[in-house]
Amino acid sequence: MIDPLVSWGVLVRAVLALVPVQIFLLSLLLLDTYRLVRLRRVALSLTVGAGLAGLAYVTNNVVLAVTGLPVMAFALLIAPGVEELSKATWLDYQVRSHRTGFLADATIIAFATGAGFATVENLYYLRTWPDAPLLLWAVRGLGTAVMHGGAASMFAIVRQTGEAAGRPLLTTRIMALGAAVVFHGGFNALMGHALPATAGVLVLMTFLIGLVHQVSERRLRRWLGHGLDRDRNLLELISAGEVHTTPLGRYLLSLREHFGAGIVTDMLCLLRLEAELSIRAKGTLMLREHGFTPRPDQDLEARLAEHRWLMESIGRAGLWALGPVRPWHGHGAWQRRLVESESATSTTS
Amino acid sequence: MFDIRQGTDGSIRLTGRLDAVSAAVAREFLAAVTGTTRLDFSDLEYIASVGLGILIAQQRRLLDTDGGLVLSGLSPHLLEVFDLAGFGDVFEYD
């Protein structure tokens with residue numbers, strides 16, 4: 001029979017180690033004025049983070065056995081790299097595939113991934129040291145959890161900033177991973193000073209999250225304003241049949257020699273469709289900012305199907321040539337994810 | 001040049017260009033509006049996204065107090081933009 005005092009002690013330790021980081025994550029979600037991240041994606045990232053913790057645990061054990069390093073040296077030199085690299089695979093995929101578009105949503109996804117990772121790690125520690133002093137457990141458990149969320153956020157901030165600025169992919173990846181590993185390694189280096197280490201990551205993360213939120217909201221507002229005006233102008237030009245009088249129109253005409261009139265017509269249709277869907281995406285964000293829930297658009301799925309057909313018809317070379325003038329080029333491609341998620345909602349509602 | 005004023009019938013008439021420069025004037029004027037009010041766009045030449053943002057913010061405020069903006073005289077292009085952006089369900093049209 002389980003001693004009730006022991007089970008209560010484990011429960012208190014579990015709450016101390018697991019709950020505060022979820023509250024931190026919840027506060028991030030509450031800061032998300034535009035509701036960029038849906039709860040489903042947060043839950044998915046928590047789950048993936050937990051799975052990656054298992055993967056990192058196995059990898060760490062293998063590397064530790066192969067290298068034969070002392071455990072402390074391994075914890076300082078190797079483990080941060082292994083663990084941050086495992087989280088980075090998921091976060092890099094999120095950024096690269098335009099599932100995140102701004103610092104705010106990238107940070108939420110990253111923190112959720114780190115929180116999932118930390119949950120499994122803390123459960124492991126809880127099983128290994130169930131009798132650790134309560135204060136030490138509170139400080140260490142909370143510190144580890146916020147550190148994992150924080151290190152993942154560091155990766156996401158650097159990676160998302162580099163992606164939005166169009167910086168070289170390899171450089172951005174190395175810099176992002178470096179930031180996360182240094183943050184993680186720094187925390188591990190203070191392993192003997194749990195209280196200052198935990199206080200440090202808490203203060204740093206609170207400051208960083210506040211700063212990221214402010215910068216992200218400002219950039220998003222500017223992007224919304226300029227972008228919506230640009231999309232409307234493009235739509236108006238195409239609707240009025242005046243594109244041929246603009247530099248864009250002349251550029252499209254010049255493409256006719258290479259791609260033929262049919263493909264150029266599809267290009268014009270693609271530009272119009274992307275302008276329409278971009279207006280939808282930005283309108284959705286503007287409505288959410290003021291507490292409105294946009295009504296599901298039943299035509300979205302059909303428009304997205306048309307978009308896929310046009311992309312296929314135009315082909316890679318045509319899309320490359322059209323690239324810079326497309327509303328969904330580069331950072332704008334994030335809008336496609338937003339519209340797709342809206343479409344999925346309208347299909348299921 | 002942008003102008004916004006309330007007519008004798010209580011409706012609000014927008015004239016000229018509502019852009020980033022004139023946004024503050026429109027925001028201040030509309031913030032004082034209460035109840036259900038008709039907004040006439042017939043003489044509005046252009047409205048930038050900042051203007052659309054003001055309309056949505058004011059509509060939120062008015063709906064919370066059982067009021068609202070009723071839009072009239074929108075150009076076909078603006079109607080299309082409202083429809084595409086999903087604003088169509090938020091406002092009433094006259």
# chains A, B, ... in the order shown; residues from 1 in each chain; ligands from 1

call {"tool": "select_by_dssp", "arguments": {"residues": "chain B", "states": "alpha helix (DSSP H)", "output": "PyMOL selection string"}}
result
chain B and resi 23-31+49-63+76-85

call {"tool": "interface_residues", "arguments": {"of": "chain A", "to": "chain B", "cutoff": "8 Å", "atoms": "only C-alpha atoms", "output": "PyMOL selection string"}}
result
chain A and resi 224-226+228-229+232+236+276-277+279-284+286-287+290-292+294-295

call {"tool": "residues_around", "arguments": {"residues": "Ser45 in chain A", "least_positions_apart": "4", "cutoff": "7 Å", "atoms": "only C-alpha atoms", "output": "PyMOL selection string"}}
result
chain A and resi 41+49+109+112-113

call {"tool": "select_by_dssp", "arguments": {"residues": "chain B", "states": "strand (DSSP E)", "output": "ChimeraX atom specification"}}
result
/B:3-6,12-18,36-47,68-72,92-93

call {"tool": "atom_distance", "arguments": {"atom1": "CA of Ser11 in chain B", "atom2": "CA of Val70 in chain B"}}
result
9.3 Å
